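One file, entry07.cif, is given below (mmCIF, C-alpha atoms).
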```
data_protein
#
loop_
_atom_site.label_atom_id
_atom_site.label_comp_id
_atom_site.auth_asym_id
_atom_site.auth_seq_id
_atom_site.Cartn_x
_atom_site.Cartn_y
_atom_site.Cartn_z
CA MET Q 1 -11.29 55.20 -74.39
CA GLU Q 2 -12.79 52.22 -72.54
CA TYR Q 3 -10.52 49.88 -74.47
CA PHE Q 4 -7.49 52.04 -73.67
CA VAL Q 5 -8.31 52.12 -69.94
CA GLN Q 6 -8.84 48.36 -70.02
CA GLN Q 7 -5.32 47.87 -71.38
CA LEU Q 8 -3.94 50.21 -68.73
CA ILE Q 9 -5.49 48.00 -66.05
CA ASN Q 10 -4.06 44.88 -67.68
CA GLY Q 11 -0.65 46.52 -67.91
CA LEU Q 12 -0.80 47.58 -64.25
CA THR Q 13 -1.54 43.99 -63.25
CA LEU Q 14 1.28 42.52 -65.31
CA GLY Q 15 3.69 45.27 -64.33
CA SER Q 16 3.03 44.67 -60.63
CA ILE Q 17 4.25 41.09 -60.99
CA TYR Q 18 7.33 42.17 -62.96
CA GLY Q 19 8.09 44.84 -60.36
CA LEU Q 20 8.05 42.36 -57.48
CA ILE Q 21 10.53 40.13 -59.31
CA ALA Q 22 12.70 43.06 -60.42
CA ILE Q 23 13.29 44.19 -56.83
CA GLY Q 24 15.19 40.96 -56.16
CA TYR Q 25 17.52 41.66 -59.08
CA THR Q 26 18.17 45.26 -58.12
CA MET Q 27 18.76 44.54 -54.41
CA VAL Q 28 21.37 41.86 -55.04
CA TYR Q 29 23.12 44.01 -57.63
CA GLY Q 30 23.00 47.06 -55.38
CA ILE Q 31 24.83 45.30 -52.54
CA ILE Q 32 27.25 42.87 -54.18
CA GLY Q 33 27.27 44.10 -57.79
CA MET Q 34 26.15 40.75 -59.21
CA ILE Q 35 23.18 39.86 -61.41
CA ASN Q 36 21.43 36.82 -59.94
CA PHE Q 37 20.21 35.19 -63.14
CA ALA Q 38 18.72 32.32 -61.09
CA HIS Q 39 16.18 34.75 -59.64
CA GLY Q 40 13.64 34.05 -62.39
CA ASP Q 41 13.79 30.35 -61.56
CA VAL Q 42 13.32 31.15 -57.88
CA PHE Q 43 10.12 32.91 -58.96
CA MET Q 44 9.10 29.74 -60.82
CA ILE Q 45 9.83 27.58 -57.75
CA GLY Q 46 7.62 29.91 -55.73
CA ALA Q 47 4.79 29.33 -58.20
CA PHE Q 48 5.23 25.56 -57.95
CA GLY Q 49 5.34 25.77 -54.14
CA ALA Q 50 2.05 27.68 -54.22
CA LEU Q 51 0.61 25.10 -56.63
CA ILE Q 52 1.51 22.13 -54.43
CA THR Q 53 0.20 23.93 -51.34
CA PHE Q 54 -3.08 24.71 -53.13
CA LEU Q 55 -3.56 21.07 -54.16
CA LEU Q 56 -2.88 19.90 -50.59
CA LEU Q 57 -5.30 22.46 -49.15
CA ILE Q 58 -8.21 21.57 -51.44
CA GLY Q 59 -7.54 17.89 -50.75
CA LEU Q 60 -7.61 18.31 -46.98
CA PHE Q 61 -9.90 21.32 -46.51
CA TYR Q 62 -12.24 21.58 -49.49
CA SER Q 63 -14.33 24.41 -48.02
CA LEU Q 64 -11.36 26.59 -46.99
CA PRO Q 65 -11.97 30.30 -47.80
CA VAL Q 66 -10.04 31.53 -50.82
CA ALA Q 67 -8.39 34.39 -48.92
CA VAL Q 68 -7.04 31.99 -46.28
CA ALA Q 69 -5.85 29.53 -48.93
CA LEU Q 70 -4.09 32.31 -50.86
CA LEU Q 71 -2.38 33.57 -47.71
CA ILE Q 72 -1.16 30.07 -46.81
CA MET Q 73 0.09 29.57 -50.37
CA MET Q 74 2.09 32.79 -50.19
CA VAL Q 75 3.62 31.95 -46.81
CA VAL Q 76 4.66 28.44 -47.87
CA ALA Q 77 6.06 29.71 -51.18
CA MET Q 78 8.01 32.45 -49.37
CA LEU Q 79 9.52 29.93 -46.93
CA LEU Q 80 10.43 27.55 -49.74
CA THR Q 81 12.06 30.13 -52.00
CA SER Q 82 13.83 31.79 -49.06
CA LEU Q 83 15.43 28.46 -48.22
CA TYR Q 84 16.46 27.93 -51.85
CA ASN Q 85 17.92 31.41 -52.27
CA TRP Q 86 19.74 31.23 -48.93
CA ALA Q 87 21.35 27.94 -50.00
CA ILE Q 88 22.19 29.31 -53.46
CA GLU Q 89 23.92 32.36 -51.99
CA LYS Q 90 25.84 30.33 -49.44
CA VAL Q 91 26.96 27.53 -51.78
CA ALA Q 92 27.24 29.11 -55.23
CA TYR Q 93 27.79 32.86 -54.80
CA ARG Q 94 29.59 33.53 -51.52
CA PRO Q 95 32.75 31.55 -52.39
CA LEU Q 96 33.09 33.58 -55.62
CA ARG Q 97 32.37 37.00 -54.14
CA GLY Q 98 35.98 38.15 -54.28
CA SER Q 99 36.85 36.58 -57.63
CA PHE Q 100 36.79 38.20 -61.07
CA ARG Q 101 33.35 39.49 -62.12
CA LEU Q 102 32.69 36.90 -64.81
CA ALA Q 103 32.81 33.91 -62.43
CA PRO Q 104 29.64 34.75 -60.42
CA LEU Q 105 27.81 35.51 -63.66
CA ILE Q 106 28.63 32.06 -65.07
CA THR Q 107 27.66 30.46 -61.76
CA ALA Q 108 24.33 32.33 -61.75
CA ILE Q 109 23.50 31.06 -65.24
CA GLY Q 110 24.49 27.54 -64.16
CA MET Q 111 22.23 27.75 -61.09
CA SER Q 112 19.37 28.90 -63.31
CA ILE Q 113 19.76 25.90 -65.59
CA ALA Q 114 20.12 23.55 -62.61
CA LEU Q 115 16.94 24.82 -60.92
CA SER Q 116 14.95 24.67 -64.14
CA ASN Q 117 16.02 21.10 -64.87
CA PHE Q 118 15.46 20.08 -61.24
CA VAL Q 119 11.83 21.23 -61.41
CA GLN Q 120 11.41 19.59 -64.83
CA VAL Q 121 12.59 16.24 -63.44
CA THR Q 122 10.62 16.41 -60.18
CA GLN Q 123 7.38 17.97 -61.48
CA GLY Q 124 7.37 16.90 -65.13
CA PRO Q 125 7.57 18.91 -68.36
CA ARG Q 126 3.83 19.48 -68.83
CA ASN Q 127 1.73 22.48 -67.89
CA LYS Q 128 0.28 22.27 -64.38
CA PRO Q 129 -3.18 23.90 -64.29
CA ILE Q 130 -5.30 24.69 -61.24
CA PRO Q 131 -9.04 25.41 -60.96
CA PRO Q 132 -9.90 29.14 -60.98
CA MET Q 133 -9.39 30.50 -57.48
CA ILE Q 134 -11.12 33.85 -58.06
CA SER Q 135 -13.55 34.34 -60.93
CA LYS Q 136 -15.54 37.44 -59.96
CA VAL Q 137 -15.41 40.32 -62.46
CA TYR Q 138 -16.66 43.89 -61.97
CA THR Q 139 -17.84 45.91 -64.96
CA ILE Q 140 -17.88 49.69 -64.68
CA GLU Q 141 -18.70 51.91 -67.69
CA GLY Q 142 -17.77 49.11 -70.07
CA ILE Q 143 -14.44 48.43 -68.30
CA SER Q 144 -13.95 44.99 -66.80
CA VAL Q 145 -11.83 44.62 -63.69
CA SER Q 146 -11.44 41.16 -62.23
CA LEU Q 147 -11.08 40.56 -58.53
CA LYS Q 148 -7.78 38.81 -59.33
CA GLN Q 149 -6.38 42.04 -60.73
CA ILE Q 150 -7.49 43.99 -57.68
CA VAL Q 151 -5.85 41.43 -55.37
CA ILE Q 152 -2.58 41.58 -57.33
CA VAL Q 153 -2.37 45.38 -57.22
CA ILE Q 154 -3.31 45.58 -53.51
CA VAL Q 155 -0.87 42.84 -52.45
CA THR Q 156 1.90 44.47 -54.48
CA ALA Q 157 1.23 47.92 -53.00
CA VAL Q 158 1.16 46.57 -49.42
CA LEU Q 159 4.36 44.59 -49.86
CA LEU Q 160 6.18 47.51 -51.43
CA ALA Q 161 5.13 49.77 -48.56
CA ILE Q 162 6.40 47.23 -46.01
CA PHE Q 163 9.57 46.75 -47.99
CA TRP Q 164 10.19 50.50 -48.24
CA TYR Q 165 9.78 50.82 -44.48
CA VAL Q 166 12.22 47.97 -43.79
CA VAL Q 167 14.90 49.37 -46.12
CA ASN Q 168 14.59 52.99 -45.01
CA LYS Q 169 13.52 52.88 -41.36
CA THR Q 170 15.07 49.80 -39.72
CA SER Q 171 18.54 48.75 -38.61
CA LEU Q 172 18.53 46.00 -41.23
CA GLY Q 173 17.87 48.57 -43.93
CA ARG Q 174 20.70 50.76 -42.64
CA ALA Q 175 23.02 47.75 -42.73
CA GLN Q 176 21.96 47.00 -46.30
CA ARG Q 177 22.57 50.58 -47.40
CA ALA Q 178 25.95 50.59 -45.65
CA CYS Q 179 26.99 47.37 -47.41
CA GLU Q 180 25.84 48.89 -50.70
CA GLN Q 181 28.15 51.89 -50.21
CA ASP Q 182 31.24 50.14 -48.85
CA GLN Q 183 31.34 46.56 -47.58
CA LYS Q 184 34.78 46.85 -45.99
CA MET Q 185 33.89 49.96 -44.03
CA ALA Q 186 30.56 48.41 -43.01
CA ALA Q 187 32.43 45.38 -41.64
CA LEU Q 188 34.82 47.65 -39.73
CA LEU Q 189 31.82 49.36 -38.14
CA GLY Q 190 30.51 46.05 -36.82
CA ILE Q 191 28.01 45.07 -39.52
CA ASP Q 192 27.87 41.36 -40.35
CA VAL Q 193 28.21 41.67 -44.12
CA ASP Q 194 27.66 37.97 -44.87
CA ARG Q 195 24.49 37.91 -42.79
CA THR Q 196 23.19 41.10 -44.40
CA ILE Q 197 23.76 39.74 -47.90
CA SER Q 198 22.05 36.44 -46.99
CA ILE Q 199 19.02 38.32 -45.64
CA THR Q 200 18.93 40.39 -48.82
CA PHE Q 201 18.77 37.22 -50.90
CA ILE Q 202 16.00 35.92 -48.63
CA MET Q 203 13.99 39.13 -48.96
CA GLY Q 204 14.30 39.07 -52.74
CA ALA Q 205 13.23 35.42 -52.81
CA ALA Q 206 10.19 36.18 -50.64
CA LEU Q 207 9.02 38.88 -53.05
CA ALA Q 208 9.62 36.55 -56.00
CA ALA Q 209 7.53 33.88 -54.22
CA VAL Q 210 4.64 36.30 -53.81
CA ALA Q 211 4.96 37.20 -57.50
CA GLY Q 212 4.93 33.48 -58.37
CA THR Q 213 1.79 32.92 -56.29
CA LEU Q 214 0.04 35.88 -57.93
CA PHE Q 215 1.19 34.67 -61.35
CA LEU Q 216 -0.32 31.23 -60.67
CA MET Q 217 -3.58 32.76 -59.40
CA TYR Q 218 -3.83 35.08 -62.42
CA TYR Q 219 -3.00 32.66 -65.23
CA GLY Q 220 -4.07 29.41 -63.56
CA VAL Q 221 -1.17 27.41 -64.98
CA VAL Q 222 2.58 27.02 -64.44
CA VAL Q 223 5.34 25.05 -66.17
CA PHE Q 224 9.02 24.50 -65.38
CA SER Q 225 10.15 26.97 -68.07
CA ASP Q 226 8.09 29.85 -66.68
CA GLY Q 227 11.09 31.24 -64.85
CA PHE Q 228 12.94 32.28 -68.00
CA VAL Q 229 10.73 34.80 -69.81
CA PRO Q 230 9.32 36.58 -66.71
CA GLY Q 231 12.82 36.55 -65.23
CA VAL Q 232 14.36 38.18 -68.29
CA LYS Q 233 11.55 40.75 -68.44
CA ALA Q 234 11.93 41.54 -64.74
CA PHE Q 235 15.68 41.96 -65.27
CA THR Q 236 14.86 44.25 -68.19
CA ALA Q 237 12.55 46.20 -65.87
CA ALA Q 238 15.33 46.53 -63.28
CA VAL Q 239 17.75 47.85 -65.91
CA LEU Q 240 15.13 50.14 -67.41
CA GLY Q 241 14.30 51.67 -64.04
CA GLY Q 242 17.95 51.87 -63.02
CA ILE Q 243 19.69 48.77 -61.68
CA GLY Q 244 20.29 49.23 -57.96
CA SER Q 245 17.26 51.51 -57.47
CA ILE Q 246 14.24 49.90 -55.77
CA PRO Q 247 11.73 52.57 -56.92
CA GLY Q 248 13.30 52.28 -60.36
CA ALA Q 249 12.65 48.52 -60.40
CA VAL Q 250 8.96 49.11 -59.67
CA ILE Q 251 8.68 51.86 -62.30
CA GLY Q 252 10.50 49.68 -64.82
CA GLY Q 253 8.18 46.75 -64.11
CA LEU Q 254 5.10 48.91 -64.61
CA LEU Q 255 6.53 50.32 -67.85
CA ILE Q 256 7.24 46.86 -69.23
CA GLY Q 257 3.73 45.77 -68.29
CA PHE Q 258 2.17 48.81 -69.98
CA ILE Q 259 4.30 48.40 -73.12
CA GLU Q 260 3.36 44.73 -73.47
CA SER Q 261 -0.31 45.37 -72.86
CA MET Q 262 -0.57 48.29 -75.26
CA TRP Q 263 1.44 46.63 -77.99
CA SER Q 264 -0.65 43.45 -77.74
CA ALA Q 265 -3.84 45.52 -77.94
CA TYR Q 266 -3.00 47.81 -80.87
CA PHE Q 267 -0.34 45.88 -82.79
CA SER Q 268 0.72 42.27 -83.28
CA ILE Q 269 0.89 40.24 -80.08
CA ASP Q 270 3.73 38.21 -81.60
CA TYR Q 271 6.08 41.19 -81.30
CA LYS Q 272 5.25 42.37 -77.77
CA ASP Q 273 8.61 41.12 -76.43
CA VAL Q 274 10.45 42.85 -79.27
CA ALA Q 275 8.67 46.10 -78.38
CA ALA Q 276 9.63 45.86 -74.70
CA PHE Q 277 13.29 45.20 -75.40
CA SER Q 278 13.39 47.88 -78.12
CA ILE Q 279 12.09 50.47 -75.66
CA LEU Q 280 14.81 49.35 -73.24
CA ALA Q 281 17.49 49.88 -75.88
CA ILE Q 282 16.15 53.32 -76.77
CA VAL Q 283 15.99 54.44 -73.13
CA LEU Q 284 19.52 53.21 -72.40
CA ILE Q 285 20.90 55.13 -75.38
CA PHE Q 286 19.77 58.40 -73.80
CA LEU Q 287 19.86 57.31 -70.12
CA PRO Q 288 22.65 54.72 -69.77
CA SER Q 289 21.99 54.36 -66.03
CA GLY Q 290 18.25 53.85 -66.46
CA ILE Q 291 15.41 56.12 -65.43
CA LEU Q 292 16.31 56.44 -61.73
CA GLY Q 293 19.78 54.93 -61.78
CA ARG Q 294 22.87 56.80 -60.66
CA PRO Q 295 26.10 56.63 -62.68
CA GLU Q 296 28.89 54.80 -60.89
CA VAL Q 297 31.68 57.03 -59.64
CA GLU Q 298 35.02 55.33 -59.18
CA LYS Q 299 37.02 56.83 -56.32
CA VAL Q 300 40.76 57.08 -56.79
#
```
What's the structure tokens form of this structure?
Amino acid sequence: MEYFVQQLINGLTLGSIYGLIAIGYTMVYGIIGMINFAHGDVFMIGAFGALITFLLLIGLFYSLPVAVALLIMMVVAMLLTSLYNWAIEKVAYRPLRGSFRLAPLITAIGMSIALSNFVQVTQGPRNKPIPPMISKVYTIEGISVSLKQIVIVIVTAVLLAIFWYVVNKTSLGRAQRACEQDQKMAALLGIDVDRTISITFIMGAALAAVAGTLFLMYYGVVVFSDGFVPGVKAFTAAVLGGIGSIPGAVIGGLLIGFIESMWSAYFSIDYKDVAAFSILAIVLIFLPSGILGRPEVEKV
């Protein structure tokens, strides 16, 4: 039982990171109906931004408290990725918004490759490790819970609560929901659709940056290719939970984290990705719209 609970904690930690990334996918799809396949690389850029910030902080302020350093890393990573995603939306996606559906998809894949290669050229192809930021571990009844895991779960829960409030209780959230339902009608009612979509990209990038910072803190290493696998798994989580549903993205992320953790613990770790994608296929056979997704209704 202790081993099982330990894997649940590990899955909760991993799923929290996937859930933060998945929200960016589901928000963009919910408003403009496009899958931003460059979102995983935005997550990777956030991790590199946090890495560079950490190295600068320990070089200038060696005795800086870890909590302050982590907060500064998150803020800098959020600003950096927000700028990147804003530019990506404005340059690569907005001109193709009214074109046939395949064009933005091809552009998104091209942006993903461009960002990955840009980081490879500027930062090098090797793994970039950092010293352990948080090493404290609590042991309760034979179950080990690291302070890093507690930080990840708490930060994720706080951000999701703030995010839920913004989407459901503010004028920005009402504008986003209006654009999701009907962009033309939203524009006729005075909503700046372009501005709302840009802010949505920025919000998704900010969450991906936090996920990248937590990923760096948890694993202690990052490489230019780290945007691909977590990005694909986060996209899988968004589809599993119901693409376009924010709670569904979180639930899907947690499910993917639990599946990976349990499969790695009780079966071969080499097939954990196969298990996650197999579960996705099985769920979509019986629930084509995902767990919390709503089937699209075409009005005629």
Practice prompt. State, in Å with one decimal place, the distance from atom CA of Q:Ala186 to atom CA of Q:Ser171.
Written response: 12.8 Å
Item to complete: Please evaluate the PyMOL selection byres ((chain Q and resi 109-122) around 8) against the structure above and give the resulting residues as JSON, numbers by chain.
Response: {"Q": [37, 38, 39, 40, 41, 42, 45, 88, 92, 105, 106, 107, 108, 123, 124, 125, 224, 225, 227]}
Worksheet entry | Using all atoms listed in the file: which of Q:Ser268, Q:Gln181, Q:Ser144, Q:Thr53 has the shortest distance to Q:Tyr3 |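 Between Q:Ser268, Q:Gln181, Q:Ser144, Q:Thr53, the residue approaching Q:Tyr3 most closely is Q:Ser144.
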Discussion item. My list of candidates is Q:Leu8, Q:Ala161, Q:Ile256, Q:Leu80. Which is closest to Q:Ile202 when distances are computed with all atoms listed in the file?
Written reply: Q:Leu80
Practice prompt. Report as a list in words the residues that result from applying the PyMOL selection byres ((chain Q and resi 207) around 8) to the structure here.
Written response: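 Going through the file, the PyMOL selection byres ((chain Q and resi 207) around 8) ends up selecting Leu20, Ile21, Ile23, Gly24, Met78, Met203, Gly204, Ala205, Ala206, Ala208, Ala209, Val210 and Ala211 of chain Q.
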Discussion item. Which residues are near stretch 284-290 of chain Q? Cut-off 12 Å, all atoms listed in the file, ignore same chain within fewer than 2 positions. Put them as JSON, numbers by chain.
Written reply: {"Q": [26, 236, 237, 238, 239, 240, 241, 242, 243, 244, 245, 247, 248, 249, 251, 252, 277, 278, 279, 280, 281, 282, 292, 293, 294, 295, 296, 297]}
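We find atom CA of Q:Val221 and atom CA of Q:Asn127 to be spaced 6.4 Å apart.
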Worksheet item: Any idea what's packed within 12 Å of Q:Leu214, counting only C-alpha atoms, ignoring anything in its chain fewer than 6 positions away? Could you give it as a ChimeraX atom specification?
Response: /Q:13-18,20-21,43-44,46-48,50-51,70-71,73-74,77,133-134,148-156,207-208,220-222
Item to complete: Between Q:Ile197, Q:Val223, Q:Leu60, Q:Ile162, single out the one closest to Q:Arg126, counting all atoms listed in the file.
Response: Q:Val223
Which residues fall under the PyMOL selection byres ((chain Q and resi 11) around 10) in this file, as a PDB file with C-alpha atoms, in the coordinates of the input?
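Output file part.pdb follows:
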```pdb
ATOM      1  CA  VAL Q   5      -8.310  52.120 -69.940  1.00  0.00           C
ATOM      2  CA  GLN Q   6      -8.840  48.360 -70.020  1.00  0.00           C
ATOM      3  CA  GLN Q   7      -5.320  47.870 -71.380  1.00  0.00           C
ATOM      4  CA  LEU Q   8      -3.940  50.210 -68.730  1.00  0.00           C
ATOM      5  CA  ILE Q   9      -5.490  48.000 -66.050  1.00  0.00           C
ATOM      6  CA  ASN Q  10      -4.060  44.880 -67.680  1.00  0.00           C
ATOM      7  CA  LEU Q  12      -0.800  47.580 -64.250  1.00  0.00           C
ATOM      8  CA  THR Q  13      -1.540  43.990 -63.250  1.00  0.00           C
ATOM      9  CA  LEU Q  14       1.280  42.520 -65.310  1.00  0.00           C
ATOM     10  CA  GLY Q  15       3.690  45.270 -64.330  1.00  0.00           C
ATOM     11  CA  SER Q  16       3.030  44.670 -60.630  1.00  0.00           C
ATOM     12  CA  GLY Q 253       8.180  46.750 -64.110  1.00  0.00           C
ATOM     13  CA  LEU Q 254       5.100  48.910 -64.610  1.00  0.00           C
ATOM     14  CA  LEU Q 255       6.530  50.320 -67.850  1.00  0.00           C
ATOM     15  CA  ILE Q 256       7.240  46.860 -69.230  1.00  0.00           C
ATOM     16  CA  GLY Q 257       3.730  45.770 -68.290  1.00  0.00           C
ATOM     17  CA  PHE Q 258       2.170  48.810 -69.980  1.00  0.00           C
ATOM     18  CA  ILE Q 259       4.300  48.400 -73.120  1.00  0.00           C
ATOM     19  CA  GLU Q 260       3.360  44.730 -73.470  1.00  0.00           C
ATOM     20  CA  SER Q 261      -0.310  45.370 -72.860  1.00  0.00           C
ATOM     21  CA  MET Q 262      -0.570  48.290 -75.260  1.00  0.00           C
TER      22      MET Q 262
END
```
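Of the residues under consideration (Q:Leu102, Q:Leu55, Q:Val66, Q:Asn85), Q:Asn85 shows the shortest atom-to-atom contact distance to Q:Phe201 when counting only C-alpha atoms.
The coordinates place atom CA of Q:Cys179 at 15.2 Å from atom CA of Q:Val166.
Using only C-alpha atoms, the shortest contact distance between Q:Tyr29 and any of Q:Phe215, Q:Thr200, Q:Leu79, Q:Lys272 is found at Q:Thr200.
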Worksheet entry | Top pick for closest residue to Q:Arg94, considering Q:Ser82, Q:Leu159, Q:Phe235, Q:Arg195 and counting only C-alpha atoms |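 Comparing Q:Ser82, Q:Leu159, Q:Phe235, Q:Arg195 against Q:Arg94, the winner is Q:Arg195.
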